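S.K.: coords00.cif is the file, holding mmCIF, C-alpha atoms:
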data_structure
loop_
_atom_site.label_atom_id
_atom_site.label_comp_id
_atom_site.auth_asym_id
_atom_site.auth_seq_id
_atom_site.Cartn_x
_atom_site.Cartn_y
_atom_site.Cartn_z
CA MET A 494 5.22 -40.75 24.35
CA ILE A 495 4.62 -37.03 25.03
CA ARG A 496 4.18 -36.31 21.30
CA LYS A 497 1.64 -39.15 21.02
CA PHE A 498 -0.25 -37.78 24.03
CA LEU A 499 -0.38 -34.24 22.58
CA THR A 500 -1.47 -35.54 19.19
CA ALA A 501 -4.27 -37.54 20.78
CA ALA A 502 -5.32 -34.52 22.85
CA VAL A 503 -5.50 -32.25 19.78
CA LEU A 504 -7.50 -34.85 17.89
CA ALA A 505 -9.90 -35.12 20.79
CA LEU A 506 -10.35 -31.35 21.05
CA THR A 507 -10.81 -31.14 17.29
CA GLY A 508 -13.57 -33.67 17.50
CA LEU A 509 -15.25 -31.52 20.14
CA GLY A 510 -14.94 -28.47 17.89
CA LEU A 511 -12.57 -26.72 20.30
CA VAL A 512 -9.60 -26.79 17.94
CA GLN A 513 -9.84 -26.41 14.19
CA PRO A 514 -7.63 -28.47 11.93
CA ALA A 515 -5.46 -26.46 9.52
CA ALA A 516 -7.67 -27.49 6.61
CA ALA A 517 -10.64 -25.87 8.37
CA ASP A 518 -8.65 -22.74 9.20
CA PRO A 519 -6.78 -21.89 5.99
CA LEU A 520 -4.28 -19.13 5.47
CA ALA A 521 -6.20 -15.89 4.99
CA ARG A 522 -4.09 -15.02 1.95
CA SER A 523 -5.31 -18.15 0.17
CA VAL A 524 -8.98 -17.40 0.80
CA PHE A 525 -8.83 -13.71 -0.11
CA GLY A 526 -6.58 -14.39 -3.07
CA ALA A 527 -9.06 -16.89 -4.50
CA ALA A 528 -12.09 -14.59 -4.23
CA PRO A 529 -13.27 -14.05 -7.82
CA GLY A 530 -14.91 -10.71 -7.17
CA PRO A 531 -16.14 -8.29 -4.52
CA THR A 532 -19.05 -8.68 -2.16
CA GLY A 533 -22.24 -6.74 -2.76
CA GLY A 534 -23.70 -4.09 -0.54
CA ALA A 535 -22.48 -0.74 0.70
CA PRO A 536 -18.72 -0.12 0.64
CA VAL A 537 -17.10 -0.69 4.03
CA SER A 538 -13.41 -0.76 4.92
CA ILE A 539 -12.79 -3.06 7.87
CA GLY A 540 -9.90 -3.44 10.30
CA PHE A 541 -6.39 -2.12 9.79
CA TYR A 542 -4.39 -1.42 6.67
CA SER A 543 -2.27 -4.52 7.36
CA LYS A 544 -5.01 -6.67 8.93
CA GLY A 545 -8.34 -5.97 7.32
CA CYS A 546 -10.57 -6.27 4.29
CA VAL A 547 -13.13 -4.35 2.25
CA SER A 548 -16.75 -5.12 1.47
CA GLY A 549 -18.48 -3.62 -1.54
CA ALA A 550 -15.21 -2.74 -3.26
CA VAL A 551 -15.19 -1.31 -6.77
CA GLN A 552 -12.69 -1.80 -9.56
CA LEU A 553 -10.62 0.99 -11.03
CA PRO A 554 -11.30 0.66 -14.77
CA GLU A 555 -8.27 -0.79 -16.52
CA SER A 556 -7.90 2.33 -18.65
CA GLY A 557 -9.27 5.85 -18.68
CA PRO A 558 -8.55 9.16 -20.34
CA THR A 559 -5.88 10.00 -17.73
CA TRP A 560 -4.81 6.67 -16.22
CA GLN A 561 -3.95 3.03 -16.79
CA ALA A 562 -3.93 0.25 -14.20
CA MET A 563 -0.73 -1.76 -14.43
CA ARG A 564 0.02 -5.47 -13.91
CA LEU A 565 -3.56 -6.51 -14.62
CA SER A 566 -2.73 -10.18 -14.11
CA ARG A 567 -2.52 -9.53 -10.37
CA ASN A 568 -6.18 -8.44 -10.16
CA ARG A 569 -5.25 -5.79 -7.61
CA ASN A 570 -7.00 -2.75 -9.07
CA TRP A 571 -9.80 -2.82 -6.47
CA GLY A 572 -10.58 -0.58 -3.54
CA HIS A 573 -13.10 1.45 -1.60
CA PRO A 574 -14.93 3.89 -3.93
CA GLU A 575 -13.23 6.80 -2.15
CA LEU A 576 -9.84 5.45 -3.23
CA VAL A 577 -10.96 4.94 -6.83
CA SER A 578 -12.46 8.45 -6.96
CA PHE A 579 -9.26 9.92 -5.53
CA LEU A 580 -7.02 8.15 -8.04
CA ILE A 581 -9.08 9.29 -11.01
CA GLY A 582 -9.06 12.86 -9.74
CA LEU A 583 -5.31 12.81 -9.13
CA SER A 584 -4.68 11.44 -12.60
CA GLN A 585 -6.63 14.38 -14.02
CA ALA A 586 -4.59 16.79 -11.89
CA ALA A 587 -1.39 15.25 -13.31
CA ARG A 588 -2.25 16.82 -16.64
CA GLN A 589 -1.84 20.24 -15.08
CA VAL A 590 1.89 19.58 -14.63
CA GLY A 591 2.41 18.30 -18.17
CA TRP A 592 1.95 14.57 -17.60
CA GLN A 593 -0.52 12.59 -19.73
CA GLY A 594 -1.90 11.07 -16.54
CA LEU A 595 -0.80 8.33 -14.14
CA TYR A 596 0.19 4.68 -14.17
CA ILE A 597 -1.53 3.07 -11.18
CA GLY A 598 0.22 0.11 -9.55
CA ASP A 599 -1.15 -2.22 -6.89
CA MET A 600 -4.28 -1.20 -5.03
CA GLY A 601 -5.99 -4.20 -3.41
CA GLN A 602 -7.76 -7.46 -4.09
CA PRO A 603 -11.53 -7.64 -4.76
CA ARG A 604 -12.18 -8.22 -1.06
CA GLY A 605 -8.90 -6.88 0.27
CA GLY A 606 -7.18 -9.03 2.85
CA PRO A 607 -3.63 -10.41 2.88
CA MET A 608 -1.99 -11.02 -0.48
CA THR A 609 -0.09 -14.09 -1.58
CA SER A 610 2.96 -11.94 -2.42
CA GLY A 611 4.29 -8.48 -1.81
CA HIS A 612 2.56 -6.02 0.47
CA ALA A 613 1.87 -6.25 4.18
CA SER A 614 -0.76 -3.51 3.87
CA HIS A 615 -3.14 -2.78 0.95
CA GLN A 616 -5.76 -4.88 2.77
CA SER A 617 -8.65 -2.53 3.54
CA GLY A 618 -9.21 -0.96 0.13
CA LEU A 619 -7.49 2.28 1.11
CA ASP A 620 -3.91 1.92 -0.23
CA ALA A 621 -2.53 2.44 -3.73
CA ASP A 622 0.88 2.61 -5.39
CA ILE A 623 1.39 5.27 -8.06
CA TRP A 624 4.28 4.84 -10.44
CA MET A 625 6.97 7.50 -10.67
CA LEU A 626 7.16 6.93 -14.43
CA PRO A 627 5.42 9.71 -16.40
CA PRO A 628 3.22 7.89 -18.94
CA GLN A 629 4.46 7.94 -22.50
CA SER A 630 1.26 6.24 -23.64
CA LEU A 631 -2.16 5.58 -22.13
CA ARG A 632 -2.95 2.96 -24.75
CA LEU A 633 -0.74 0.16 -23.49
CA THR A 634 -2.03 -3.36 -24.06
CA ALA A 635 -2.43 -5.79 -21.18
CA ALA A 636 0.75 -7.56 -22.30
CA GLN A 637 2.71 -4.32 -22.40
CA ARG A 638 1.58 -3.47 -18.89
CA GLU A 639 3.14 -6.71 -17.65
CA LYS A 640 6.55 -5.89 -19.15
CA ILE A 641 6.99 -2.17 -18.68
CA SER A 642 8.56 -1.05 -15.40
CA SER A 643 8.67 2.18 -13.51
CA GLN A 644 11.91 4.09 -12.93
CA SER A 645 13.61 5.19 -9.76
CA VAL A 646 13.70 8.87 -8.82
CA VAL A 647 16.72 8.13 -6.58
CA ASN A 648 20.34 7.54 -7.59
CA LYS A 649 21.90 4.11 -7.13
CA ALA A 650 23.61 5.16 -3.90
CA GLY A 651 20.26 6.22 -2.45
CA THR A 652 21.61 9.63 -1.52
CA ALA A 653 20.29 12.07 -4.13
CA PRO A 654 17.57 12.39 -6.77
CA SER A 655 18.10 10.62 -10.08
CA GLY A 656 17.69 12.30 -13.44
CA LEU A 657 14.04 11.21 -13.51
CA TRP A 658 13.02 13.35 -10.52
CA SER A 659 11.16 16.48 -11.56
CA GLY A 660 8.94 19.22 -10.30
CA GLY A 661 6.04 17.23 -11.71
CA HIS A 662 6.60 14.47 -9.17
CA MET A 663 6.56 17.01 -6.38
CA ALA A 664 3.45 18.75 -7.68
CA ILE A 665 1.52 15.48 -7.96
CA MET A 666 2.47 14.33 -4.46
CA ARG A 667 1.71 17.77 -3.07
CA ALA A 668 -1.76 17.65 -4.65
CA ALA A 669 -2.31 14.18 -3.20
CA ALA A 670 -1.19 15.19 0.30
CA ARG A 671 -3.42 18.26 0.30
CA ASP A 672 -6.50 16.13 -0.33
CA PRO A 673 -8.25 15.84 3.07
CA ARG A 674 -9.12 12.21 2.32
CA VAL A 675 -5.43 11.24 2.33
CA GLU A 676 -3.95 10.05 5.61
CA ARG A 677 -0.33 9.46 4.58
CA ILE A 678 1.97 9.23 1.57
CA PHE A 679 5.04 7.00 1.74
CA VAL A 680 8.03 7.84 -0.45
CA ASP A 681 11.81 7.41 -0.40
CA PRO A 682 13.49 9.90 1.96
CA VAL A 683 15.48 11.36 -0.95
CA ALA A 684 12.24 12.42 -2.64
CA LYS A 685 10.87 13.68 0.66
CA LEU A 686 13.96 15.79 1.28
CA ALA A 687 13.88 17.16 -2.27
CA MET A 688 10.34 18.34 -1.61
CA CYS A 689 11.39 19.88 1.71
CA GLN A 690 14.19 21.81 0.03
CA SER A 691 12.03 23.01 -2.86
CA GLU A 692 8.86 24.06 -1.06
CA THR A 693 8.59 27.83 -0.73
CA GLY A 694 4.91 28.09 0.20
CA ASP A 695 2.64 26.36 2.69
CA ARG A 696 4.61 23.44 4.14
CA SER A 697 1.87 21.91 6.27
CA TYR A 698 1.17 19.11 3.78
CA LEU A 699 4.75 17.82 4.21
CA ARG A 700 3.70 16.26 7.50
CA LYS A 701 1.75 13.65 5.53
CA ILE A 702 4.75 12.79 3.32
CA ARG A 703 6.50 10.03 5.30
CA PRO A 704 9.99 8.75 4.36
CA LEU A 705 10.18 5.02 3.74
CA GLY A 706 12.70 2.85 1.93
CA GLY A 707 11.60 0.82 -1.07
CA HIS A 708 9.46 3.66 -2.40
CA ASP A 709 11.67 5.20 -5.07
CA TYR A 710 9.88 3.62 -8.08
CA HIS A 711 6.44 4.54 -6.78
CA PHE A 712 4.79 6.50 -4.00
CA HIS A 713 2.20 4.91 -1.77
CA VAL A 714 -1.02 6.76 -0.99
CA ARG A 715 -3.00 5.77 2.11
CA MET A 716 -6.52 7.06 2.56
CA ALA A 717 -8.14 7.90 5.89
CA CYS A 718 -11.03 5.75 7.06
CA PRO A 719 -14.15 6.72 5.04
CA ALA A 720 -17.48 7.47 6.64
CA GLY A 721 -19.50 4.33 7.29
CA SER A 722 -16.44 2.12 7.65
CA VAL A 723 -15.14 0.28 10.72
CA CYS A 724 -11.39 0.89 10.57
CA GLN A 725 -8.77 0.58 13.27
CA GLN A 726 -7.40 4.10 13.65
CA GLN A 727 -3.74 4.70 12.80
CA ASP A 728 -1.71 7.08 14.94
CA ALA A 729 -1.44 10.56 13.44
CA PRO A 730 1.87 11.46 11.77
CA PRO A 731 4.41 13.00 14.17
CA PRO A 732 4.22 16.79 14.58
CA GLY A 733 6.25 18.95 12.23
CA ASP A 734 7.18 18.62 8.58
CA GLY A 735 9.35 15.49 9.02
CA CYS A 736 12.20 16.96 6.94
CA ALA A 737 14.86 16.40 9.61
CA GLU A 738 13.91 12.72 9.77
CA ALA A 739 14.37 12.35 6.00
CA ALA A 740 17.75 14.11 6.15
CA GLU A 741 18.87 11.82 8.97
CA TRP A 742 17.84 8.76 6.98
CA ILE A 743 20.05 9.85 4.07
CA LYS A 744 23.01 10.54 6.40
CA ASN A 745 22.66 6.98 7.66
CA ARG A 746 22.79 5.70 4.09
CA ILE A 747 25.99 7.62 3.48
CA ASP A 748 27.53 6.37 6.73
CA PRO A 749 25.88 3.12 7.88
CA SER A 750 28.08 3.06 10.99
CA ARG A 751 25.82 5.77 12.43
CA VAL A 752 22.96 3.30 12.62
CA LYS A 753 22.49 1.46 15.89
CA PRO A 754 21.34 -2.13 15.32
CA VAL A 755 17.75 -2.73 16.36
CA PRO A 756 16.91 -6.32 17.32
CA PRO A 757 14.01 -7.76 15.35
CA ASP A 758 10.66 -7.97 17.07
CA PRO A 759 10.29 -11.64 18.04
CA ASN A 760 6.52 -11.28 17.99
CA TYR A 761 6.26 -9.83 14.48
CA ARG A 762 4.52 -11.93 11.87
CA HIS A 763 4.05 -10.98 8.26
CA PRO A 764 0.35 -10.79 7.38
CA ARG A 765 0.87 -13.57 4.84
CA SER A 766 1.12 -15.92 7.82
CA PHE A 767 -2.28 -15.01 9.28
CA ARG A 768 -4.92 -17.69 9.28
CA LEU A 769 -8.51 -16.82 8.52
CA SER A 770 -9.51 -17.18 12.18
CA GLU A 771 -6.99 -14.46 13.10
CA MET A 772 -8.60 -11.86 10.87
CA PRO A 773 -11.34 -9.52 12.18
CA ARG A 774 -14.63 -11.38 12.46
CA GLN A 775 -16.26 -9.21 9.78
CA CYS A 776 -13.42 -10.06 7.41
CA GLN A 777 -13.98 -13.78 7.92
CA VAL A 778 -17.52 -13.21 6.69
CA VAL A 779 -16.38 -11.05 3.76
CA ALA A 780 -13.77 -13.61 2.68
CA THR A 781 -16.22 -16.50 2.53
CA ALA A 782 -19.37 -14.70 1.34
CA ARG A 783 -20.97 -16.02 -1.86
#
Can the structure from this file be put into structure tokens for me?
M.R.:
Amino acid sequence: MIRKFLTAAVLALTGLGLVQPAAADPLARSVFGAAPGPTGGAPVSIGFYSKGCVSGAVQLPESGPTWQAMRLSRNRNWGHPELVSFLIGLSQAARQVGWQGLYIGDMGQPRGGPMTSGHASHQSGLDADIWMLPPQSLRLTAAQREKISSQSVVNKAGTAPSGLWSGGHMAIMRAAARDPRVERIFVDPVAKLAMCQSETGDRSYLRKIRPLGGHDYHFHVRMACPAGSVCQQQDAPPPGDGCAEAAEWIKNRIDPSRVKPVPPDPNYRHPRSFRLSEMPRQCQVVATAR
């Protein structure tokens, strides 16, 4: 009886326009994922990295003299023009350390927003994954880019660098972190600690290099909010170079008993669960614009 009453009440409110049926309020990931291309107009990043979108995005060309976009079937080589400009410039800088350039992994969708798989962030056109694999060729076909994989710079135990780690990786991440447009770089704590132990000059950029698991095959660059955008500000990185935090993370991997269990946040929801009505109002417009 109670269920019938609630059902009738919802139907009545829906008829009054006070409650939207699920069909009228789809999952945001479905709407953004189906967008065939970007919106027009000036580039604007909107909202937060994990709850936002981008208007006026541009596409990183699939190939260039110093880069190739990987996994083209995902259609995730889009972003704010500042991100695209940064990636091209960094790929050119990679040549200075003996690399041919860079393999660029996921950036964002044509209008940003939640993705149907993978990332929680990469929504506002300001995030990009850069492979740790030094390119052996910048003439890969689309099919080859679907099959080739990056390689981990961390050993299987997660406690020390693998044989792939090199000074080139450090030099490229250092160049990225020193770019004033970059807000953060996420990388495995082993790589972070290797940089801490090797740096003999100015260490200030290390503050931007943040240790994070799951980032041993690539490093994740996050840009600061560009001028003219309406971003939700992220807290600044903690003071200091963050090297002690990376070292502690590795100690915990060696001895997991040191880690105190942290109960999951009962209020956390992955962005893939957001409905369109839960996104910033501007993003609802971006997602449905024709």
S.K.: Any chance you could resolve the PyMOL selection byres ((chain A and resi 628) around 9) against this file and give the residues as a VMD selection string?
M.R.: chain A and resid 560 to 561 592 to 596 626 to 627 629 to 631
S.K.: Atom CA of A:Gln602 and atom CA of A:Arg703 are how many Å apart?
M.R.: 24.4 Å
S.K.: Tell me, as a list in words, which residues lie within 12 Å of A:Gly533, counting all atoms listed in the file; anything in the same chain fewer than 6 positions away does not count.
M.R.: Val547, Ser548, Gly549, Ala550, Val551, Pro603, Arg604, Val779, Ala782 and Arg783 of chain A
S.K.: Work out how far apart atom CA of A:Gly651 and atom CA of A:His708 are and give it in Å to one decimal.
M.R.: 11.1 Å
S.K.: For A:Lys544, find every residue with an atom within 8 Å (counting only C-alpha atoms), except residues of its own chain fewer than 3 positions away, and show them as a count of residues only.
M.R.: 10
S.K.: Selection in question (the file shown): the PyMOL selection byres ((chain A and resi 711) around 10). Which residues does it include, as a PyMOL selection string?
M.R.: chain A and resi 596-598+621-626+643-646+679-681+707-710+712-714
S.K.: Excluding stretch 514-529 of chain A and residues on its chain fewer than 2 positions from it, collect all residues at most 12 Å away from it, counting only C-alpha atoms, and give them as JSON, numbers by chain.
M.R.: {"A": [500, 503, 504, 505, 506, 507, 508, 509, 510, 511, 512, 531, 532, 543, 544, 545, 546, 547, 548, 567, 568, 569, 571, 601, 602, 603, 604, 605, 606, 607, 608, 609, 610, 611, 612, 613, 616, 617, 763, 764, 765, 766, 767, 768, 769, 770, 771, 772, 773, 776, 777, 778, 779, 780, 781, 782, 783]}
S.K.: Can you spit out the residues from that selection as a short mmCIF file (atom, residue, chain, number, x, y, z; two decimals), in the frame of the given file, using C-alpha atoms?
M.R.:
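So the final result, stored in result_6.cif, reads:
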data_model
loop_
_atom_site.label_atom_id
_atom_site.label_comp_id
_atom_site.auth_asym_id
_atom_site.auth_seq_id
_atom_site.Cartn_x
_atom_site.Cartn_y
_atom_site.Cartn_z
CA THR A 500 -1.47 -35.54 19.19
CA VAL A 503 -5.50 -32.25 19.78
CA LEU A 504 -7.50 -34.85 17.89
CA ALA A 505 -9.90 -35.12 20.79
CA LEU A 506 -10.35 -31.35 21.05
CA THR A 507 -10.81 -31.14 17.29
CA GLY A 508 -13.57 -33.67 17.50
CA LEU A 509 -15.25 -31.52 20.14
CA GLY A 510 -14.94 -28.47 17.89
CA LEU A 511 -12.57 -26.72 20.30
CA VAL A 512 -9.60 -26.79 17.94
CA PRO A 531 -16.14 -8.29 -4.52
CA THR A 532 -19.05 -8.68 -2.16
CA SER A 543 -2.27 -4.52 7.36
CA LYS A 544 -5.01 -6.67 8.93
CA GLY A 545 -8.34 -5.97 7.32
CA CYS A 546 -10.57 -6.27 4.29
CA VAL A 547 -13.13 -4.35 2.25
CA SER A 548 -16.75 -5.12 1.47
CA ARG A 567 -2.52 -9.53 -10.37
CA ASN A 568 -6.18 -8.44 -10.16
CA ARG A 569 -5.25 -5.79 -7.61
CA TRP A 571 -9.80 -2.82 -6.47
CA GLY A 601 -5.99 -4.20 -3.41
CA GLN A 602 -7.76 -7.46 -4.09
CA PRO A 603 -11.53 -7.64 -4.76
CA ARG A 604 -12.18 -8.22 -1.06
CA GLY A 605 -8.90 -6.88 0.27
CA GLY A 606 -7.18 -9.03 2.85
CA PRO A 607 -3.63 -10.41 2.88
CA MET A 608 -1.99 -11.02 -0.48
CA THR A 609 -0.09 -14.09 -1.58
CA SER A 610 2.96 -11.94 -2.42
CA GLY A 611 4.29 -8.48 -1.81
CA HIS A 612 2.56 -6.02 0.47
CA ALA A 613 1.87 -6.25 4.18
CA GLN A 616 -5.76 -4.88 2.77
CA SER A 617 -8.65 -2.53 3.54
CA HIS A 763 4.05 -10.98 8.26
CA PRO A 764 0.35 -10.79 7.38
CA ARG A 765 0.87 -13.57 4.84
CA SER A 766 1.12 -15.92 7.82
CA PHE A 767 -2.28 -15.01 9.28
CA ARG A 768 -4.92 -17.69 9.28
CA LEU A 769 -8.51 -16.82 8.52
CA SER A 770 -9.51 -17.18 12.18
CA GLU A 771 -6.99 -14.46 13.10
CA MET A 772 -8.60 -11.86 10.87
CA PRO A 773 -11.34 -9.52 12.18
CA CYS A 776 -13.42 -10.06 7.41
CA GLN A 777 -13.98 -13.78 7.92
CA VAL A 778 -17.52 -13.21 6.69
CA VAL A 779 -16.38 -11.05 3.76
CA ALA A 780 -13.77 -13.61 2.68
CA THR A 781 -16.22 -16.50 2.53
CA ALA A 782 -19.37 -14.70 1.34
CA ARG A 783 -20.97 -16.02 -1.86
#
S.K.: Since the input has fewer atoms than a full residue there, write stretch 697-720 of chain A out with N, CA and C atoms, as a short mmCIF file (atom, residue, chain, number, x, y, z; two decimals), in the coordinates of the input.
M.R.:
data_model
loop_
_atom_site.label_atom_id
_atom_site.label_comp_id
_atom_site.auth_asym_id
_atom_site.auth_seq_id
_atom_site.Cartn_x
_atom_site.Cartn_y
_atom_site.Cartn_z
N SER A 697 2.61 22.77 5.34
CA SER A 697 1.87 21.91 6.27
C SER A 697 1.62 20.51 5.71
N TYR A 698 1.46 20.41 4.38
CA TYR A 698 1.17 19.11 3.78
C TYR A 698 2.34 18.14 3.92
N LEU A 699 3.57 18.67 4.12
CA LEU A 699 4.75 17.82 4.21
C LEU A 699 4.67 16.85 5.38
N ARG A 700 3.87 17.17 6.35
CA ARG A 700 3.70 16.26 7.50
C ARG A 700 3.16 14.90 7.05
N LYS A 701 2.32 14.90 6.02
CA LYS A 701 1.75 13.65 5.53
C LYS A 701 2.74 12.84 4.69
N ILE A 702 3.77 13.48 4.17
CA ILE A 702 4.75 12.79 3.32
C ILE A 702 5.76 12.10 4.23
N ARG A 703 5.67 10.78 4.35
CA ARG A 703 6.50 10.03 5.30
C ARG A 703 7.62 9.29 4.57
N PRO A 704 8.87 9.44 5.02
CA PRO A 704 9.99 8.75 4.36
C PRO A 704 9.96 7.25 4.64
N LEU A 705 10.18 6.48 3.60
CA LEU A 705 10.18 5.02 3.74
C LEU A 705 10.99 4.40 2.61
N GLY A 706 11.91 3.53 2.94
CA GLY A 706 12.70 2.85 1.93
C GLY A 706 11.83 1.98 1.04
N GLY A 707 12.35 1.66 -0.14
CA GLY A 707 11.60 0.82 -1.07
C GLY A 707 10.51 1.55 -1.81
N HIS A 708 10.50 2.86 -1.74
CA HIS A 708 9.46 3.66 -2.40
C HIS A 708 10.09 4.73 -3.29
N ASP A 709 11.04 4.28 -4.12
CA ASP A 709 11.67 5.20 -5.07
C ASP A 709 11.14 5.01 -6.48
N TYR A 710 10.50 3.86 -6.77
CA TYR A 710 9.88 3.62 -8.08
C TYR A 710 8.40 4.02 -8.08
N HIS A 711 7.85 4.15 -6.91
CA HIS A 711 6.44 4.54 -6.78
C HIS A 711 6.27 5.28 -5.45
N PHE A 712 5.17 6.00 -5.32
CA PHE A 712 4.79 6.50 -4.00
C PHE A 712 3.47 5.85 -3.62
N HIS A 713 3.31 5.67 -2.33
CA HIS A 713 2.20 4.91 -1.77
C HIS A 713 1.24 5.89 -1.09
N VAL A 714 0.01 5.91 -1.57
CA VAL A 714 -1.02 6.76 -0.99
C VAL A 714 -1.89 5.93 -0.06
N ARG A 715 -2.12 6.44 1.13
CA ARG A 715 -3.00 5.77 2.11
C ARG A 715 -4.13 6.71 2.48
N MET A 716 -5.35 6.25 2.26
CA MET A 716 -6.52 7.06 2.56
C MET A 716 -6.92 6.93 4.03
N ALA A 717 -7.55 7.97 4.55
CA ALA A 717 -8.14 7.90 5.89
C ALA A 717 -9.40 7.04 5.84
N CYS A 718 -9.84 6.61 6.98
CA CYS A 718 -11.03 5.75 7.06
C CYS A 718 -12.27 6.51 6.57
N PRO A 719 -12.96 6.01 5.56
CA PRO A 719 -14.15 6.72 5.04
C PRO A 719 -15.34 6.61 6.00
N ALA A 720 -16.25 7.52 5.86
CA ALA A 720 -17.48 7.47 6.64
C ALA A 720 -18.22 6.16 6.38
#
